[in-house]
$ cat final.txt   # compact mmCIF, C-alpha atoms
# COMPACT_ATOMS: atom_id res chain seq x y z
CA MET A 1 -31.68 -12.94 -0.50
CA ASN A 2 -29.15 -15.50 -1.80
CA GLN A 3 -29.32 -14.46 -5.46
CA ALA A 4 -29.27 -10.75 -4.60
CA LEU A 5 -26.32 -11.33 -2.25
CA THR A 6 -24.40 -13.21 -4.95
CA GLN A 7 -24.93 -10.30 -7.35
CA LEU A 8 -23.78 -7.88 -4.66
CA GLN A 9 -20.55 -9.84 -4.17
CA HIS A 10 -19.60 -9.60 -7.86
CA TRP A 11 -16.95 -7.03 -8.68
CA PRO A 12 -17.50 -4.21 -11.18
CA THR A 13 -15.81 -4.64 -14.56
CA THR A 14 -13.80 -1.45 -14.02
CA PRO A 15 -10.96 -1.13 -11.46
CA CYS A 16 -12.47 -0.94 -7.99
CA VAL A 17 -11.33 -0.25 -4.44
CA ARG A 18 -13.86 -1.93 -2.16
CA VAL A 19 -14.13 -1.86 1.61
CA VAL A 20 -15.78 -4.76 3.39
CA LEU A 21 -16.54 -4.64 7.09
CA ILE A 22 -18.94 -5.58 9.83
CA GLN A 23 -20.18 -3.15 12.42
CA ASN A 24 -22.97 -2.70 14.91
CA TYR A 25 -25.63 -0.05 14.44
CA ALA A 26 -23.61 2.44 16.49
CA GLY A 27 -20.76 2.11 13.97
CA GLN A 28 -18.28 0.12 16.10
CA LEU A 29 -16.09 -2.33 14.14
CA GLN A 30 -15.24 -4.63 17.05
CA GLY A 31 -17.18 -6.82 19.40
CA GLU A 32 -16.70 -6.73 23.13
CA ASP A 33 -13.64 -8.99 22.81
CA GLY A 34 -11.85 -6.44 20.61
CA THR A 35 -12.17 -8.39 17.34
CA SER A 36 -14.54 -8.09 14.42
CA ALA A 37 -15.10 -11.86 14.44
CA SER A 38 -17.23 -11.66 17.56
CA LEU A 39 -19.70 -9.34 15.80
CA GLY A 40 -20.30 -11.77 12.96
CA ASN A 41 -21.80 -15.18 12.42
CA ARG A 42 -21.44 -18.00 9.87
CA SER A 43 -23.46 -16.16 7.20
CA ASP A 44 -21.31 -13.04 7.50
CA ARG A 45 -18.07 -15.04 7.46
CA ASP A 46 -19.17 -16.89 4.29
CA HIS A 47 -20.03 -13.54 2.68
CA LEU A 48 -16.61 -12.14 3.60
CA ILE A 49 -14.74 -15.21 2.33
CA LYS A 50 -16.46 -15.03 -1.07
CA ILE A 51 -15.57 -11.37 -1.46
CA ARG A 52 -12.01 -11.87 -0.24
CA ASN A 53 -11.36 -14.85 -2.50
CA SER A 54 -12.62 -13.01 -5.58
CA ALA A 55 -10.37 -9.96 -5.04
CA ASP A 56 -7.05 -9.54 -6.83
CA LEU A 57 -5.53 -8.01 -3.70
CA VAL A 58 -6.50 -7.66 -0.05
CA ILE A 59 -4.92 -4.81 1.95
CA THR A 60 -5.03 -4.92 5.73
CA GLY A 61 -3.19 -3.46 8.69
CA ALA A 62 -0.71 -5.15 11.00
CA ALA A 63 -3.01 -4.55 13.99
CA THR A 64 -5.69 -6.71 12.36
CA ILE A 65 -3.21 -9.53 11.78
CA ARG A 66 -1.95 -9.32 15.37
CA ALA A 67 -5.46 -9.24 16.88
CA GLU A 68 -7.20 -11.84 14.72
CA ASN A 69 -4.44 -14.08 13.27
CA PRO A 70 -6.46 -14.90 10.13
CA PRO A 71 -5.68 -17.98 8.03
CA ALA A 72 -3.29 -18.01 5.09
CA PRO A 73 -4.90 -16.20 2.16
CA THR A 74 -5.88 -17.59 -1.23
CA THR A 75 -5.40 -14.23 -2.92
CA ASN A 76 -2.61 -11.62 -2.73
CA LEU A 77 -2.42 -10.06 0.73
CA TRP A 78 -0.54 -6.90 1.67
CA VAL A 79 -0.08 -6.26 5.39
CA LEU A 80 0.83 -2.64 6.15
CA SER A 81 3.37 -2.19 8.93
CA ASP A 82 5.57 0.76 9.86
CA SER A 83 7.16 -1.06 12.78
CA GLY A 84 7.52 -4.56 11.40
CA ASN A 85 6.11 -5.82 14.70
CA LEU A 86 4.63 -8.99 13.22
CA ASN A 87 5.12 -12.63 14.09
CA PRO A 88 6.80 -14.41 11.14
CA SER A 89 4.95 -17.59 12.16
CA ALA A 90 1.51 -15.91 11.89
CA ARG A 91 -0.82 -17.98 9.73
CA VAL A 92 -0.97 -15.41 6.90
CA PHE A 93 2.76 -15.80 6.28
CA GLN A 94 2.37 -19.51 5.59
CA SER A 95 1.45 -18.42 2.07
CA SER A 96 3.94 -16.97 -0.40
CA ILE A 97 1.30 -14.51 -1.66
CA SER A 98 1.36 -12.60 1.64
CA LYS A 99 3.67 -9.59 1.80
CA VAL A 100 4.47 -6.99 4.43
CA ILE A 101 4.42 -3.47 3.00
CA SER A 102 6.92 -1.33 4.88
CA VAL A 103 9.21 1.64 4.34
CA LYS A 104 12.16 -0.72 4.81
CA LEU A 105 12.37 -4.41 4.07
CA LEU A 106 12.26 -6.76 7.04
CA PRO A 107 14.60 -9.74 6.55
CA GLU A 108 12.44 -12.18 8.53
CA LEU A 109 9.22 -11.37 6.62
CA PRO A 110 8.34 -11.48 2.91
CA GLY A 111 7.98 -7.88 1.90
CA LEU A 112 7.64 -5.03 -0.50
CA GLN A 113 9.27 -1.68 0.16
CA LEU A 114 7.10 1.39 -0.32
CA ASP A 115 7.97 4.88 0.87
CA PRO A 116 5.79 6.58 1.83
CA ILE A 117 2.97 4.14 2.50
CA THR A 118 -0.06 6.10 1.38
CA PRO A 119 -3.36 4.93 -0.13
CA GLY A 120 -2.39 6.56 -3.44
CA ASN A 121 0.98 4.79 -3.54
CA LEU A 122 -0.63 1.47 -2.61
CA ILE A 123 -3.19 1.70 -5.41
CA ALA A 124 -0.51 2.82 -7.90
CA GLN A 125 1.63 -0.20 -6.93
CA ALA A 126 -1.38 -2.52 -7.24
CA SER A 127 -2.24 -1.08 -10.65
CA ALA A 128 1.36 -1.57 -11.82
CA GLN A 129 0.95 -5.26 -10.97
CA ASN A 130 -2.45 -5.42 -12.74
CA LEU A 131 -4.27 -5.94 -9.44
CA THR A 132 -7.47 -4.01 -10.15
CA ARG A 133 -9.98 -5.52 -7.69
CA VAL A 134 -8.59 -4.21 -4.41
CA LEU A 135 -10.25 -5.09 -1.12
CA ILE A 136 -9.57 -2.99 1.99
CA GLU A 137 -10.11 -5.19 5.00
CA GLY A 138 -8.80 -3.48 8.07
CA GLY A 139 -9.65 -1.40 11.07
CA ALA A 140 -10.86 2.17 11.34
CA ASN A 141 -7.37 3.66 10.91
CA LEU A 142 -6.75 2.05 7.52
CA ILE A 143 -10.29 2.72 6.28
CA ASN A 144 -10.07 6.36 7.37
CA GLN A 145 -6.87 6.79 5.34
CA PHE A 146 -8.63 5.58 2.20
CA ILE A 147 -11.67 7.75 2.96
CA ALA A 148 -9.43 10.82 3.34
CA ALA A 149 -7.72 10.01 0.03
CA ASN A 150 -11.13 9.68 -1.69
CA LEU A 151 -10.12 6.33 -3.17
CA ILE A 152 -13.03 4.11 -2.12
CA HIS A 153 -15.45 3.17 -4.90
CA GLU A 154 -17.66 0.83 -2.91
CA ALA A 155 -18.33 -0.36 0.63
CA LEU A 156 -20.14 -3.56 1.57
CA ILE A 157 -21.14 -3.17 5.20
CA THR A 158 -22.75 -5.85 7.34
CA LEU A 159 -24.82 -4.43 10.20
CA VAL A 160 -25.60 -6.40 13.33
CA ASP A 161 -27.51 -5.66 16.50
CA ARG A 162 -24.75 -6.56 18.97
CA PRO A 163 -22.77 -4.68 21.58
CA GLY A 164 -19.38 -3.49 20.43
CA SER A 165 -16.22 -1.70 21.42
CA GLY A 166 -13.62 0.60 19.95
CA GLU A 167 -13.71 3.52 17.60
CA ILE A 168 -16.93 4.46 15.84
CA LEU A 169 -16.79 4.73 12.06
CA HIS A 170 -20.26 5.71 10.92
CA ARG A 171 -21.39 4.86 7.41
CA SER A 172 -22.11 8.51 6.64
CA GLN A 173 -18.36 9.25 6.90
CA PHE A 174 -17.48 7.23 3.79
CA GLY A 175 -18.64 9.86 1.30
CA LEU A 176 -20.64 7.18 -0.53
CA THR A 177 -24.32 6.76 -1.33
CA LEU A 178 -26.45 3.87 -0.08
CA THR A 179 -27.55 1.96 -3.20
CA GLN A 180 -28.84 -1.36 -1.87
CA GLN A 181 -29.80 -3.03 1.38
CA LEU A 182 -30.43 -6.73 1.93
CA LYS A 183 -31.98 -8.02 5.14
CA SER A 184 -32.14 -11.47 6.65
CA ALA A 185 -33.25 -12.64 10.07
CA ASP A 186 -29.92 -11.91 11.78
CA LEU A 187 -28.08 -9.32 9.70
CA THR A 188 -28.36 -6.50 7.19
CA ILE A 189 -25.92 -6.00 4.32
CA GLN A 190 -25.64 -2.58 2.74
CA GLN A 191 -23.95 -1.55 -0.50
CA TRP A 192 -22.59 2.00 -0.60
CA ARG A 193 -21.13 3.35 -3.85
CA LYS A 194 -19.40 6.43 -5.16
CA GLU A 195 -21.64 8.49 -7.35
CA ASN A 196 -20.41 8.94 -10.93

$ encode --input "final.txt" --output "structure tokens"
Amino acid sequence: MNQALTQLQHWPTTPCVRVVLIQNYAGQLQGEDGTSASLGNRSDRDHLIKIRNSADLVITGAATIRAENPPAPTTNLWVLSDSGNLNPSARVFQSSISKVISVKLLPELPGLQLDPITPGNLIAQASAQNLTRVLIEGGANLINQFIAANLIHEALITLVDRPGSGEILHRSQFGLTLTQQLKSADLTIQQWRKEN
């Protein structure tokens, strides 16, 4: 599985908007504690880190940052926030490559003004900065916005047999086609792609 997984993690040579997530078989994106981390294990986290670190840009929502307080990124990170309700001392803001995307700039947070904040405007802004490998790493709300805008080229979905909580986002909703499935003892990783 290791070689096949490494190939799966490589980005296409053309511009790509990729979603990466973990969910249980029911389609829930959170474990019983309300975070995605409790669904995963070391193998899944290593898989996620490799994909994240090879992206040009990671886009996530403020709710994810508030709930999970991830570490400072090694690649460009845009945190979407309408309210600006974010802790300036959160770990992600310890890096100068993290920016809050908001309709108005927030003086206490590094930011980029974008009005309105739509998937199309985000991808246009990323393209203008030559950020062509875009990773969407957020909750159901953010993913649903990109699904509705028909801007997702690929989804890498880790499936686990664990109880979950929260909104259900079934794989069939993505409008993509299952192209590959890798199984190990404790998880299944699926690749879903947009048909040409």

$ atom_distance --input "final.txt" --atom1 "CA of His47 in chain A" --atom2 "CA of Ala124 in chain A"
27.6 Å

$ closest_residue --input "final.txt" --among "A:Leu77, A:Ala72, A:Ile97, A:Ala67" --to "Leu135 in chain A" --atoms "only C-alpha atoms"
A:Leu77

$ residues_around --input "final.txt" --residues "range 165-176 of chain A" --least-positions-apart "3" --cutoff "12 Å" --atoms "only C-alpha atoms" --output "ChimeraX atom specification"
/A:18-36,38-39,139-159,162,179-180,190-196

$ closest_residue --input "final.txt" --among "A:Gly40, A:Gly164, A:Gly138, A:Pro119" --to "Arg66 in chain A" --atoms "all atoms listed in the file"
A:Gly138

$ axis_aligned_box --input "final.txt" --around "range 70-84 of chain A" --padding-each-side "3 Å" --output "lines of an AutoDock Vina configuration file"
center_x = 0.5
center_y = -8.6
center_z = 4.9
size_x = 20.0
size_y = 24.8
size_z = 21.7

$ atom_distance --input "final.txt" --atom1 "CA of Leu105 in chain A" --atom2 "CA of Ala55 in chain A"
25.1 Å

$ closest_atom_pairs --input "final.txt" --of "range 124-166 of chain A" --to "range 1-15 of chain A" --cutoff "9 Å" --atoms "only C-alpha atoms" --output "CSV"
residue,atom,partner,partner_atom,distance
A:Ser127,CA,A:Pro15,CA,8.8
A:Leu131,CA,A:Pro15,CA,8.5
A:Thr132,CA,A:Pro15,CA,4.7
A:Arg133,CA,A:Pro15,CA,5.9
A:Val134,CA,A:Pro15,CA,8.1
A:Leu156,CA,A:Leu8,CA,8.4

$ atom_distance --input "final.txt" --atom1 "CA of Arg42 in chain A" --atom2 "CA of Glu137 in chain A"
17.8 Å

$ closest_residue --input "final.txt" --among "A:Ala128, A:Leu80, A:Leu182, A:Ile136" --to "Ser98 in chain A" --atoms "only C-alpha atoms"
A:Leu80
